[in-house]
file my_file.cif (mmCIF, C-alpha atoms)
data_entry
#
loop_
_atom_site.label_atom_id
_atom_site.label_comp_id
_atom_site.auth_asym_id
_atom_site.auth_seq_id
_atom_site.Cartn_x
_atom_site.Cartn_y
_atom_site.Cartn_z
CA MET A 1 0.00 0.00 0.00
CA THR A 2 1.43 3.38 -1.04
CA ALA A 3 1.65 6.32 1.36
CA LEU A 4 -0.95 8.24 -0.67
CA THR A 5 -3.41 5.32 -0.71
CA GLN A 6 -2.98 4.81 3.02
CA HIS A 7 -3.51 8.51 3.64
CA THR A 8 -6.68 8.52 1.51
CA GLU A 9 -8.15 5.53 3.36
CA GLN A 10 -7.34 7.16 6.70
CA LEU A 11 -9.12 10.35 5.60
CA SER A 12 -12.31 8.41 4.85
CA THR A 13 -12.71 7.52 8.52
CA THR A 14 -11.07 10.35 10.47
CA ALA A 15 -11.42 13.36 8.17
CA LEU A 16 -12.36 16.76 9.50
CA LEU A 17 -15.81 17.83 8.31
CA ARG A 18 -16.47 21.52 7.83
CA PHE A 19 -20.17 22.31 7.68
CA ALA A 20 -22.40 25.36 7.83
CA THR A 21 -25.96 25.92 8.99
CA ALA A 22 -28.29 28.21 7.05
CA GLY A 23 -31.97 28.99 6.76
CA SER A 24 -34.54 31.71 7.25
CA VAL A 25 -34.90 33.83 10.38
CA ASP A 26 -36.23 31.90 13.41
CA ASP A 27 -35.97 28.53 11.69
CA GLY A 28 -33.86 27.35 14.64
CA LYS A 29 -30.29 27.27 13.32
CA SER A 30 -28.59 28.28 16.55
CA THR A 31 -30.87 25.99 18.56
CA LEU A 32 -29.90 23.07 16.30
CA VAL A 33 -26.21 23.82 16.76
CA GLY A 34 -26.70 24.13 20.52
CA ARG A 35 -28.57 20.82 20.58
CA LEU A 36 -25.80 19.14 18.60
CA LEU A 37 -23.17 20.40 21.02
CA HIS A 38 -25.24 19.61 24.12
CA ASP A 39 -26.39 16.13 23.18
CA SER A 40 -23.01 15.07 21.81
CA LYS A 41 -21.44 16.03 25.17
CA SER A 42 -19.36 18.75 23.53
CA VAL A 43 -20.28 21.55 25.96
CA LEU A 44 -18.11 22.31 28.98
CA THR A 45 -19.83 22.50 32.36
CA ASP A 46 -19.10 26.19 32.86
CA GLN A 47 -20.44 26.99 29.37
CA LEU A 48 -23.70 25.19 30.13
CA GLU A 49 -23.98 26.90 33.49
CA ALA A 50 -23.51 30.30 31.83
CA VAL A 51 -26.27 29.51 29.32
CA GLU A 52 -28.60 28.30 32.08
CA HIS A 53 -27.95 31.50 34.08
CA ALA A 54 -28.55 33.71 31.02
CA SER A 55 -31.75 31.80 30.23
CA ARG A 56 -33.10 32.18 33.79
CA SER A 57 -32.33 35.90 33.77
CA ARG A 58 -34.56 36.17 30.67
CA GLY A 59 -37.40 34.31 32.39
CA GLN A 60 -36.90 30.98 30.60
CA GLU A 61 -37.24 27.78 32.58
CA ALA A 62 -35.24 25.55 30.21
CA PRO A 63 -31.76 26.54 28.97
CA ASP A 64 -31.84 28.34 25.62
CA LEU A 65 -29.30 26.27 23.67
CA ALA A 66 -29.10 28.95 20.94
CA LEU A 67 -27.01 31.00 23.37
CA LEU A 68 -24.16 28.52 22.92
CA THR A 69 -23.53 30.12 19.52
CA ASP A 70 -25.25 33.52 19.64
CA GLY A 71 -22.51 35.18 21.66
CA LEU A 72 -22.80 38.81 20.59
CA ARG A 73 -24.84 41.06 22.86
CA ALA A 74 -26.96 42.29 19.94
CA GLU A 75 -27.66 38.69 18.95
CA ARG A 76 -28.91 37.78 22.41
CA GLU A 77 -30.99 40.92 22.75
CA GLN A 78 -32.72 40.46 19.40
CA GLY A 79 -32.80 36.66 19.36
CA ILE A 80 -31.10 36.52 15.95
CA THR A 81 -27.75 35.52 14.48
CA ILE A 82 -25.75 38.41 13.03
CA ASP A 83 -22.19 37.16 12.57
CA VAL A 84 -20.82 33.73 11.68
CA ALA A 85 -20.19 31.73 14.86
CA TYR A 86 -17.61 28.95 14.54
CA ARG A 87 -17.61 25.98 16.90
CA TYR A 88 -15.22 23.05 17.10
CA PHE A 89 -16.24 19.66 18.44
CA ALA A 90 -15.55 15.98 17.96
CA THR A 91 -17.14 12.58 18.38
CA PRO A 92 -15.34 9.23 18.41
CA ARG A 93 -16.04 8.97 14.68
CA ARG A 94 -15.12 12.41 13.33
CA ARG A 95 -13.92 15.95 14.04
CA PHE A 96 -16.06 18.95 13.09
CA ILE A 97 -15.82 22.68 12.44
CA LEU A 98 -19.28 24.19 12.15
CA ALA A 99 -20.28 27.67 11.07
CA ASP A 100 -23.62 28.97 12.33
CA THR A 101 -24.54 31.59 9.71
CA PRO A 102 -27.17 34.36 9.80
CA GLY A 103 -30.57 34.03 8.17
CA HIS A 104 -31.34 37.67 7.36
CA VAL A 105 -31.09 38.88 3.76
CA GLN A 106 -28.74 41.69 4.79
CA TYR A 107 -26.25 39.14 6.13
CA THR A 108 -25.99 37.06 2.94
CA ARG A 109 -22.28 37.94 2.81
CA ASN A 110 -21.83 36.31 6.23
CA MET A 111 -23.47 33.15 4.95
CA VAL A 112 -21.09 33.15 1.98
CA THR A 113 -18.15 33.46 4.38
CA GLY A 114 -19.30 30.54 6.49
CA ALA A 115 -20.12 28.25 3.57
CA SER A 116 -17.11 29.08 1.38
CA THR A 117 -14.97 26.33 2.96
CA ALA A 118 -17.79 23.96 3.92
CA GLU A 119 -18.11 20.43 2.57
CA LEU A 120 -21.71 20.28 3.77
CA ALA A 121 -24.51 22.78 4.36
CA VAL A 122 -27.46 22.20 6.68
CA VAL A 123 -30.41 24.26 5.45
CA LEU A 124 -33.20 24.54 8.03
CA VAL A 125 -36.87 24.97 7.21
CA ASP A 126 -39.67 25.68 9.67
CA ALA A 127 -42.18 22.85 9.17
CA ARG A 128 -45.02 25.34 9.64
CA ASN A 129 -43.83 27.70 6.89
CA GLY A 130 -42.23 25.35 4.38
CA VAL A 131 -39.76 26.52 1.72
CA VAL A 132 -39.62 30.32 1.76
CA GLU A 133 -37.66 32.95 -0.16
CA GLN A 134 -34.65 32.82 2.15
CA THR A 135 -34.57 29.01 1.94
CA ARG A 136 -34.20 29.27 -1.82
CA ARG A 137 -31.60 32.00 -1.45
CA HIS A 138 -29.42 29.86 0.81
CA ALA A 139 -29.80 26.82 -1.44
CA ALA A 140 -28.65 28.97 -4.36
CA VAL A 141 -25.64 30.27 -2.42
CA ALA A 142 -24.67 26.69 -1.48
CA ALA A 143 -24.91 25.74 -5.17
CA LEU A 144 -22.83 28.75 -6.24
CA LEU A 145 -20.15 27.84 -3.71
CA ARG A 146 -20.15 24.24 -4.96
CA VAL A 147 -20.91 22.78 -1.53
CA PRO A 148 -21.01 19.05 -2.36
CA HIS A 149 -23.52 17.91 0.28
CA VAL A 150 -26.73 19.64 1.40
CA VAL A 151 -28.92 18.51 4.29
CA LEU A 152 -32.51 19.74 4.47
CA ALA A 153 -33.44 19.79 8.17
CA VAL A 154 -37.21 20.23 8.45
CA ASN A 155 -37.35 21.70 11.95
CA LYS A 156 -40.13 22.21 14.51
CA MET A 157 -41.85 18.97 13.58
CA ASP A 158 -43.25 18.95 17.12
CA LEU A 159 -45.39 21.96 16.16
CA VAL A 160 -47.04 20.10 13.26
CA ASP A 161 -47.74 16.93 15.29
CA TYR A 162 -44.82 15.13 13.63
CA ALA A 163 -46.93 14.71 10.48
CA GLU A 164 -45.19 12.76 7.71
CA PRO A 165 -47.14 14.44 4.85
CA VAL A 166 -45.89 17.87 5.97
CA PHE A 167 -42.29 16.67 5.88
CA ALA A 168 -42.72 14.85 2.56
CA ALA A 169 -44.19 17.89 0.79
CA ILE A 170 -41.39 20.20 1.99
CA ALA A 171 -38.69 17.66 1.14
CA GLU A 172 -40.07 17.19 -2.38
CA GLU A 173 -40.26 20.94 -3.09
CA PHE A 174 -36.79 21.70 -1.77
CA THR A 175 -35.14 18.71 -3.44
CA ALA A 176 -36.56 19.68 -6.83
CA TYR A 177 -35.36 23.28 -6.43
CA ALA A 178 -31.86 22.37 -5.20
CA ALA A 179 -31.44 19.73 -7.89
CA SER A 180 -32.29 22.33 -10.55
CA LEU A 181 -29.34 24.37 -9.25
CA GLY A 182 -26.98 21.44 -9.67
CA VAL A 183 -26.62 20.47 -6.00
CA PRO A 184 -25.19 16.94 -6.29
CA GLU A 185 -26.52 15.40 -3.06
CA ILE A 186 -29.54 16.33 -0.91
CA THR A 187 -30.56 14.53 2.29
CA ALA A 188 -33.83 15.44 4.04
CA ILE A 189 -34.21 14.83 7.79
CA PRO A 190 -37.28 15.69 9.96
CA ILE A 191 -36.19 17.14 13.32
CA SER A 192 -37.15 19.14 16.38
CA ALA A 193 -34.05 21.00 17.55
CA LEU A 194 -35.84 22.22 20.68
CA ALA A 195 -36.99 18.74 21.75
CA GLY A 196 -33.96 16.91 20.37
CA ASP A 197 -35.83 14.70 17.88
CA ASN A 198 -33.51 13.18 15.23
CA VAL A 199 -30.67 15.57 16.05
CA VAL A 200 -28.38 13.24 17.99
CA GLU A 201 -30.86 10.60 19.14
CA PRO A 202 -33.59 9.00 16.96
CA SER A 203 -37.09 10.32 17.56
CA SER A 204 -39.74 8.13 19.17
CA HIS A 205 -42.40 10.41 17.66
CA MET A 206 -41.52 9.75 14.01
CA ASP A 207 -41.40 5.99 13.55
CA TRP A 208 -42.31 6.58 9.90
CA TYR A 209 -38.80 7.98 9.32
CA GLY A 210 -36.07 5.37 8.92
CA GLY A 211 -33.13 7.55 7.90
CA PRO A 212 -30.14 8.83 9.91
CA THR A 213 -30.17 11.50 12.59
CA VAL A 214 -28.37 14.75 11.82
CA LEU A 215 -25.27 13.73 13.78
CA GLU A 216 -25.22 10.25 12.28
CA HIS A 217 -25.29 11.75 8.79
CA LEU A 218 -22.56 14.23 9.67
CA GLU A 219 -20.40 11.39 11.01
CA THR A 220 -20.82 9.17 7.95
CA VAL A 221 -21.12 11.48 4.93
CA PRO A 222 -18.08 10.91 2.68
CA VAL A 223 -15.81 13.95 2.69
CA SER A 224 -12.54 12.51 1.47
CA HIS A 225 -11.72 12.33 -2.21
CA ASP A 226 -9.16 10.68 -4.39
CA LEU A 227 -6.20 12.99 -3.96
CA THR A 228 -4.51 11.58 -7.05
CA ALA A 229 -7.40 12.83 -9.19
CA CYS A 230 -7.00 16.46 -8.09
CA HIS A 231 -5.20 19.09 -10.13
CA ALA A 232 -1.95 19.42 -8.16
CA ARG A 233 -1.22 23.04 -7.27
CA PHE A 234 1.57 24.55 -5.14
CA PRO A 235 1.48 28.35 -4.59
CA VAL A 236 4.93 29.54 -3.54
CA GLN A 237 4.93 31.43 -0.25
CA TYR A 238 8.62 31.90 0.39
CA VAL A 239 11.98 31.20 -1.25
CA ILE A 240 14.52 29.63 1.11
CA ARG A 241 18.19 30.43 0.42
CA PRO A 242 20.27 29.83 3.60
CA GLN A 243 23.62 30.45 1.82
CA THR A 244 25.50 28.97 4.75
CA ALA A 245 28.61 26.82 4.84
CA GLU A 246 26.40 23.80 5.54
CA HIS A 247 23.91 24.62 2.74
CA PRO A 248 25.78 26.83 0.23
CA ASP A 249 23.62 26.00 -2.78
CA TYR A 250 20.26 25.20 -1.16
CA ARG A 251 17.30 26.73 -2.98
CA GLY A 252 13.84 25.67 -1.85
CA TYR A 253 10.33 26.91 -2.46
CA ALA A 254 8.15 26.79 0.64
CA GLY A 255 4.37 26.83 0.88
CA GLN A 256 1.23 24.79 1.43
CA ILE A 257 0.06 22.37 -1.24
CA ALA A 258 -3.34 23.71 -2.29
CA ALA A 259 -4.53 20.56 -4.05
CA GLY A 260 -3.38 17.17 -5.27
CA ALA A 261 0.00 15.58 -4.73
CA PHE A 262 3.63 16.13 -5.81
CA ARG A 263 6.30 13.46 -6.23
CA VAL A 264 10.08 13.50 -6.50
CA GLY A 265 11.05 13.07 -10.16
CA GLU A 266 7.87 14.71 -11.46
CA ALA A 267 8.09 17.22 -14.30
CA VAL A 268 6.56 20.55 -13.30
CA THR A 269 5.81 23.94 -14.81
CA VAL A 270 6.29 27.24 -12.98
CA LEU A 271 3.61 29.82 -13.72
CA PRO A 272 3.18 32.48 -14.95
CA SER A 273 6.65 32.24 -16.54
CA GLY A 274 5.99 28.83 -18.11
CA ARG A 275 9.49 27.53 -17.28
CA THR A 276 9.75 23.78 -16.70
CA SER A 277 11.87 21.67 -14.38
CA THR A 278 11.82 18.49 -12.30
CA VAL A 279 11.17 17.99 -8.59
CA THR A 280 14.44 16.75 -7.08
CA ALA A 281 13.44 16.79 -3.39
CA ILE A 282 10.55 17.48 -1.04
CA ASP A 283 11.38 18.55 2.53
CA ALA A 284 8.98 18.70 5.47
CA LEU A 285 9.87 19.31 9.12
CA GLY A 286 13.53 18.62 8.42
CA GLU A 287 12.83 15.28 6.75
CA SER A 288 12.94 14.29 3.10
CA MET A 289 9.91 12.62 1.52
CA ASP A 290 9.15 11.09 -1.86
CA ILE A 291 5.55 12.31 -2.05
CA ALA A 292 3.51 15.11 -0.43
CA TRP A 293 -0.18 15.98 -0.71
CA ALA A 294 -2.64 18.71 0.21
CA PRO A 295 -2.79 20.38 2.66
CA GLN A 296 0.77 19.65 3.77
CA SER A 297 3.24 22.52 4.14
CA VAL A 298 6.50 21.57 2.47
CA THR A 299 9.58 22.88 0.69
CA ILE A 300 10.01 21.77 -2.92
CA ARG A 301 13.41 21.76 -4.63
CA LEU A 302 13.82 21.77 -8.39
CA ALA A 303 16.57 20.58 -10.73
CA ASP A 304 17.00 23.98 -12.39
CA ASP A 305 17.71 27.44 -10.99
CA ILE A 306 14.60 29.29 -12.14
CA ASP A 307 13.54 32.82 -11.23
CA ILE A 308 10.73 31.92 -8.80
CA SER A 309 9.26 34.21 -6.16
CA ARG A 310 6.26 34.48 -3.85
CA GLY A 311 3.04 34.27 -5.83
CA ASP A 312 4.32 31.89 -8.50
CA LEU A 313 2.50 28.58 -8.92
CA ILE A 314 4.11 25.17 -9.39
CA ALA A 315 1.97 22.59 -11.20
CA PRO A 316 2.50 19.30 -13.07
CA ALA A 317 3.85 19.96 -16.55
CA ASP A 318 1.04 17.94 -18.14
CA ASP A 319 -1.74 19.44 -15.99
CA ALA A 320 -0.98 23.14 -15.64
CA PRO A 321 -3.78 25.74 -15.54
CA ALA A 322 -4.15 28.32 -18.27
CA VAL A 323 -2.57 31.71 -17.64
CA THR A 324 -4.79 34.74 -18.20
CA ARG A 325 -5.18 38.44 -17.49
CA ASP A 326 -8.91 38.45 -18.16
CA VAL A 327 -10.89 36.99 -15.26
CA GLU A 328 -14.60 36.26 -15.62
CA ALA A 329 -16.22 35.24 -12.37
CA THR A 330 -19.24 35.10 -10.12
CA VAL A 331 -18.70 37.27 -7.06
CA CYS A 332 -20.36 38.12 -3.77
CA HIS A 333 -19.83 41.73 -2.78
CA VAL A 334 -19.07 41.92 0.94
CA ALA A 335 -18.11 45.57 1.50
CA ASP A 336 -20.44 48.43 2.40
CA GLN A 337 -19.00 50.56 -0.40
CA PRO A 338 -20.22 49.48 -3.86
CA LEU A 339 -18.14 47.82 -6.57
CA THR A 340 -18.36 49.79 -9.82
CA VAL A 341 -17.25 49.44 -13.43
CA GLY A 342 -13.84 51.04 -13.93
CA GLN A 343 -12.87 50.68 -10.28
CA ARG A 344 -9.20 50.00 -9.49
CA VAL A 345 -8.68 47.06 -7.18
CA LEU A 346 -6.11 44.54 -6.05
CA LEU A 347 -6.81 40.91 -6.87
CA LYS A 348 -5.47 38.34 -4.39
CA HIS A 349 -5.26 34.79 -5.69
CA THR A 350 -3.55 32.24 -3.41
CA THR A 351 -0.21 33.92 -2.53
CA ARG A 352 -0.23 36.31 -5.51
CA THR A 353 -1.61 39.86 -5.39
CA VAL A 354 -1.81 41.97 -8.55
CA LYS A 355 -3.34 45.27 -9.65
CA ALA A 356 -6.58 45.03 -11.60
CA ILE A 357 -9.51 46.99 -13.03
CA VAL A 358 -13.18 46.03 -12.98
CA LYS A 359 -13.87 46.14 -16.72
CA ASP A 360 -17.52 45.11 -16.66
CA ILE A 361 -20.35 43.96 -14.40
CA PRO A 362 -22.55 42.11 -16.94
CA SER A 363 -25.28 41.02 -14.55
CA ARG A 364 -26.57 40.84 -10.98
CA LEU A 365 -28.26 37.65 -9.81
CA THR A 366 -31.72 37.82 -8.29
CA LEU A 367 -31.59 34.84 -5.95
CA ASP A 368 -35.35 34.79 -5.37
CA ASP A 369 -36.07 33.46 -8.87
CA LEU A 370 -32.49 33.07 -10.25
CA SER A 371 -33.14 35.70 -12.92
CA GLN A 372 -30.33 37.92 -14.19
CA HIS A 373 -30.54 41.70 -13.94
CA PRO A 374 -28.42 42.86 -16.90
CA ALA A 375 -25.76 45.58 -16.75
CA PRO A 376 -26.39 46.84 -13.21
CA GLY A 377 -23.25 48.99 -13.34
CA ARG A 378 -22.47 48.30 -9.69
CA LEU A 379 -22.79 45.74 -6.93
CA VAL A 380 -23.71 46.71 -3.38
CA ALA A 381 -23.28 44.79 -0.13
CA ASN A 382 -24.66 41.21 -0.29
CA ASP A 383 -25.15 41.35 -4.07
CA ILE A 384 -24.08 38.36 -6.15
CA GLY A 385 -23.22 39.02 -9.77
CA ARG A 386 -20.92 38.42 -12.71
CA VAL A 387 -17.81 40.54 -13.20
CA VAL A 388 -15.03 40.84 -15.76
CA VAL A 389 -11.67 41.89 -14.32
CA ARG A 390 -8.49 42.79 -16.20
CA THR A 391 -5.25 42.20 -14.28
CA ALA A 392 -1.91 43.94 -14.69
CA GLU A 393 -0.03 40.61 -14.54
CA PRO A 394 -1.04 37.12 -15.68
CA LEU A 395 -2.64 34.70 -13.23
CA ALA A 396 -2.69 30.89 -13.19
CA LEU A 397 -6.35 30.61 -12.29
CA ASP A 398 -8.41 27.42 -12.23
CA SER A 399 -12.16 27.29 -12.67
CA TYR A 400 -13.91 27.32 -9.29
CA ALA A 401 -15.86 24.25 -10.42
CA ASP A 402 -12.55 22.37 -10.69
CA SER A 403 -10.85 23.72 -7.58
CA ARG A 404 -12.47 25.78 -4.83
CA ARG A 405 -8.99 26.61 -3.54
CA THR A 406 -7.25 27.84 -6.69
CA GLY A 407 -10.42 29.01 -8.43
CA SER A 408 -11.28 31.59 -5.78
CA PHE A 409 -9.93 35.09 -5.24
CA LEU A 410 -10.52 38.35 -3.39
CA LEU A 411 -10.86 41.88 -4.69
CA ILE A 412 -9.27 44.36 -2.29
CA ASP A 413 -9.40 48.14 -1.98
CA PRO A 414 -5.83 49.31 -2.74
CA ALA A 415 -6.30 52.43 -0.60
CA ASP A 416 -6.94 50.78 2.77
CA GLY A 417 -6.74 47.01 2.25
CA THR A 418 -10.48 46.43 2.79
CA THR A 419 -11.84 43.21 1.31
CA LEU A 420 -14.43 44.21 -1.28
CA THR A 421 -15.53 41.07 -3.05
CA ALA A 422 -15.16 37.28 -2.91
CA GLY A 423 -14.87 35.76 -6.37
CA MET A 424 -15.36 32.35 -7.98
CA ALA A 425 -13.71 32.06 -11.39
CA GLY A 426 -15.53 30.55 -14.34
CA ALA A 427 -19.20 29.79 -14.85
CA SER A 428 -21.83 29.97 -12.10
CA PHE A 429 -24.41 27.23 -11.63
CA ALA A 430 -26.61 28.78 -14.35
CA ALA A 431 -25.41 29.10 -17.94
CA VAL A 432 -25.75 32.79 -18.63
CA ALA A 433 -24.82 34.49 -21.88
CA GLU A 434 -22.49 37.29 -20.92
CA PRO A 435 -21.94 40.38 -23.08
CA GLU A 436 -18.36 41.16 -24.00
CA ALA A 437 -16.53 43.44 -21.61
CA ALA A 438 -16.64 47.03 -22.78
CA ALA A 439 -13.25 48.64 -23.25
CA THR A 440 -12.53 51.51 -20.88
CA ASP A 441 -9.67 53.95 -20.80
CA ASP A 442 -7.87 54.51 -17.55
CA ALA A 443 -4.95 56.86 -17.23
CA GLU A 444 -2.97 54.78 -14.77
CA TRP A 445 -4.34 51.24 -14.66
CA ASN A 446 -5.41 50.57 -18.23
CA PHE A 447 -4.17 47.05 -18.91
#
call {"tool": "encode", "arguments": {"input": "my_file.cif", "output": "structure tokens"}}
result
Amino acid sequence: MTALTQHTEQLSTTALLRFATAGSVDDGKSTLVGRLLHDSKSVLTDQLEAVEHASRSRGQEAPDLALLTDGLRAEREQGITIDVAYRYFATPRRRFILADTPGHVQYTRNMVTGASTAELAVVLVDARNGVVEQTRRHAAVAALLRVPHVVLAVNKMDLVDYAEPVFAAIAEEFTAYAASLGVPEITAIPISALAGDNVVEPSSHMDWYGGPTVLEHLETVPVSHDLTACHARFPVQYVIRPQTAEHPDYRGYAGQIAAGAFRVGEAVTVLPSGRTSTVTAIDALGESMDIAWAPQSVTIRLADDIDISRGDLIAPADDAPAVTRDVEATVCHVADQPLTVGQRVLLKHTTRTVKAIVKDIPSRLTLDDLSQHPAPGRLVANDIGRVVVRTAEPLALDSYADSRRTGSFLLIDPADGTTLTAGMAGASFAAVAEPEAAATDDAEWNF
């Protein structure tokens, strides 16, 4: 058994699962997260005591488990989630990082942040209300972000007498909508986060349901993938040249492998220059290794002395990404100031940051019905749209559909370093005919 095969098999049983919760306001996201933590024995005694004390001070007899994640004062006062709350916990079967994201429309950008690195999204629906506008919005965001697994948690089943027809109708409507967006896997689970039904323990009130509980599904959903099938990518972070008596000629390129695997003896291409060489050694923690895979941090040495610096990308010679200065992407605008056509920005892709200009904003997506609003001219906070960006220097950019890591980027305000926009290169989930980017003249940044 090779080291890579052994590592892949180990990932299938012990991998870390990153997941996010989403849904409309008051659907019970924070309560579900609190129930997961409480019933899986992942809450410390002092944390539970603090929640019980806060609940009593608000006149509640039972502890409000939503307070385990709603930590901001404004969140507790209003009974809503405003910012993304991250929680770390583990069971004997798997480790988890969960992101409890807001449900309000004005916090769509927060939901994008929480789901951007998630392998699974739990979308909650109030059984009394069914699929609503915000449910569809969050399903669309999950599809845009290429989240591979989506769980529909039909919550508050205790308030509809645990009726199977109610659950079945909601599950059918949501599954059809999410499937139309290209979501590859959808699992529907009827729950009551407040009462604990089908969250960690099976419900005695819904004997008509024979599927997994939420935690059981989280523990068993496959999150590992065949690392040898990934496009191998190594963004260079730092060039190591000790130039000491012990290492007079050492030249290594340090960084974290973004995807795939690299082997000693493999032919590689350095981008954007296009120069080729061969991997002669891979060093990690002072030891040499024959193979390394994502997300290991290593130092790669090459056979040839090539001009390589921070921001360059090393990739297999027969599987290198195309180099371009014209980036077409779907973006979510996260800043309060709008993004406009002609605006000068910095584009940060992996370890490379270059000057760029927003050449065109062909459309803004209306997530309610997935229609395209053509030529909006600008994107404001929480908007999702298509942009065309021209960069001053070439980028080795993958399609986001092929690699969430090397297909994503940030647009940054060059004046103060504020993050403006999160981008996903290539096509969105819907095939949209984009008009050609209009040429604009810019005195200083016209590329």
call {"tool": "resolve_selection", "arguments": {"input": "my_file.cif", "expression": "the PyMOL selection byres ((chain A and resi 387) around 8)", "output": "PyMOL selection string"}}
result
chain A and resi 328-331+358-363+385-386+388-389
call {"tool": "resolve_selection", "arguments": {"input": "my_file.cif", "expression": "the PyMOL selection byres ((chain A and resi 211) around 12)", "output": "PyMOL selection string"}}
result
chain A and resi 187-191+198-199+201-203+206-210+212-217
call {"tool": "residues_around", "arguments": {"input": "my_file.cif", "residues": "Leu379 of chain A", "least_positions_apart": "4", "cutoff": "7 Å", "atoms": "all atoms listed in the file", "output": "PyMOL selection string"}}
result
chain A and resi 333+338-340+383
call {"tool": "resolve_selection", "arguments": {"input": "my_file.cif", "expression": "the PyMOL selection byres ((chain A and resi 323-325) around 10)", "output": "compact mmCIF listing (two decimals) with C-alpha atoms, in the frame of the given file"}}
result
# COMPACT_ATOMS: atom_id res chain seq x y z
CA LEU A 271 3.61 29.82 -13.72
CA PRO A 272 3.18 32.48 -14.95
CA SER A 273 6.65 32.24 -16.54
CA GLY A 274 5.99 28.83 -18.11
CA ALA A 320 -0.98 23.14 -15.64
CA PRO A 321 -3.78 25.74 -15.54
CA ALA A 322 -4.15 28.32 -18.27
CA ASP A 326 -8.91 38.45 -18.16
CA VAL A 327 -10.89 36.99 -15.26
CA GLU A 328 -14.60 36.26 -15.62
CA ALA A 356 -6.58 45.03 -11.60
CA VAL A 389 -11.67 41.89 -14.32
CA ARG A 390 -8.49 42.79 -16.20
CA THR A 391 -5.25 42.20 -14.28
CA ALA A 392 -1.91 43.94 -14.69
CA GLU A 393 -0.03 40.61 -14.54
CA PRO A 394 -1.04 37.12 -15.68
CA LEU A 395 -2.64 34.70 -13.23
CA ALA A 396 -2.69 30.89 -13.19
CA LEU A 397 -6.35 30.61 -12.29
CA ASP A 398 -8.41 27.42 -12.23
CA PHE A 447 -4.17 47.05 -18.91
call {"tool": "closest_residue", "arguments": {"input": "my_file.cif", "among": "A:Met111, A:Ala193, A:Ala415, A:Ile240", "to": "Gln134 of chain A", "atoms": "all atoms listed in the file"}}
result
A:Met111
call {"tool": "closest_atom_pairs", "arguments": {"input": "my_file.cif", "of": "segment 268-319 of chain A", "to": "segment 349-355 of chain A", "cutoff": "8 Å", "atoms": "only C-alpha atoms", "output": "tab-separated table"}}
result
residue	atom	partner	partner_atom	distance
A:Arg310	CA	A:Thr351	CA	6.6
A:Gly311	CA	A:Arg352	CA	3.9
A:Asp312	CA	A:Arg352	CA	7.0
call {"tool": "closest_residue", "arguments": {"input": "my_file.cif", "among": "A:Arg233, A:Arg94, A:Arg251, A:Arg364", "to": "Ala315 of chain A", "atoms": "all atoms listed in the file"}}
result
A:Arg233
call {"tool": "atom_distance", "arguments": {"input": "my_file.cif", "atom1": "atom CA of Leu181 of chain A", "atom2": "atom CA of Val141 of chain A"}}
result
9.8 Å
call {"tool": "residues_around", "arguments": {"input": "my_file.cif", "residues": "Arg405 of chain A", "least_positions_apart": "3", "cutoff": "12 Å", "atoms": "all atoms listed in the file", "output": "number ranges by chain"}}
result
A: 116-118, 145-146, 230-235, 256-260, 294-295, 349-351, 397-402, 408-410, 423-425
call {"tool": "residues_near_point", "arguments": {"input": "my_file.cif", "point": "(-36.8, 21.0, 15.8)", "cutoff": "10 Å", "atoms": "all atoms listed in the file", "output": "PyMOL selection string"}}
result
chain A and resi 27-29+31-32+35+124-127+153-159+190-199
call {"tool": "atom_distance", "arguments": {"input": "my_file.cif", "atom1": "atom CA of Val345 of chain A", "atom2": "atom CA of Gly114 of chain A"}}
result
23.9 Å
call {"tool": "atom_distance", "arguments": {"input": "my_file.cif", "atom1": "atom CA of Ser297 of chain A", "atom2": "atom CA of Ala90 of chain A"}}
result
24.2 Å
call {"tool": "closest_residue", "arguments": {"input": "my_file.cif", "among": "A:Thr421, A:Thr299, A:Ser204, A:Thr269", "to": "Gln237 of chain A", "atoms": "all atoms listed in the file"}}
result
A:Thr299
call {"tool": "residues_near_point", "arguments": {"input": "my_file.cif", "point": "(-20.3, 21.8, 21.6)", "cutoff": "7 Å", "atoms": "only C-alpha atoms", "output": "number ranges by chain"}}
result
A: 34, 36-38, 41-43, 87-89
call {"tool": "residues_around", "arguments": {"input": "my_file.cif", "residues": "segment 174-179 of chain A", "least_positions_apart": "3", "cutoff": "8 Å", "atoms": "all atoms listed in the file", "output": "NGL selection string"}}
result
:A and (131 or 136 or 139-140 or 143 or 152 or 170-171 or 182-184 or 186)
call {"tool": "closest_residue", "arguments": {"input": "my_file.cif", "among": "A:Ala292, A:Tyr250, A:Ile314, A:Pro222", "to": "Thr278 of chain A", "atoms": "only C-alpha atoms"}}
result
A:Ile314
call {"tool": "closest_residue", "arguments": {"input": "my_file.cif", "among": "A:Asp416, A:Asp249, A:Glu219, A:Asp304", "to": "Arg93 of chain A", "atoms": "all atoms listed in the file"}}
result
A:Glu219
call {"tool": "decode", "arguments": {"input": "my_file.cif", "residues": "segment 118-130 of chain A", "atoms": "C-alpha atoms", "output": "mmCIF file, in the first residue's frame"}}
result
data_model
loop_
_atom_site.group_PDB
_atom_site.id
_atom_site.type_symbol
_atom_site.label_atom_id
_atom_site.label_comp_id
_atom_site.auth_asym_id
_atom_site.auth_seq_id
_atom_site.Cartn_x
_atom_site.Cartn_y
_atom_site.Cartn_z
ATOM 1 C CA ALA A 118 -17.791 23.957 3.918
ATOM 2 C CA GLU A 119 -18.109 20.432 2.573
ATOM 3 C CA LEU A 120 -21.713 20.278 3.771
ATOM 4 C CA ALA A 121 -24.506 22.784 4.362
ATOM 5 C CA VAL A 122 -27.455 22.201 6.683
ATOM 6 C CA VAL A 123 -30.411 24.259 5.445
ATOM 7 C CA LEU A 124 -33.201 24.543 8.029
ATOM 8 C CA VAL A 125 -36.867 24.965 7.208
ATOM 9 C CA ASP A 126 -39.670 25.679 9.672
ATOM 10 C CA ALA A 127 -42.176 22.853 9.166
ATOM 11 C CA ARG A 128 -45.025 25.344 9.642
ATOM 12 C CA ASN A 129 -43.827 27.696 6.888
ATOM 13 C CA GLY A 130 -42.231 25.351 4.375
#
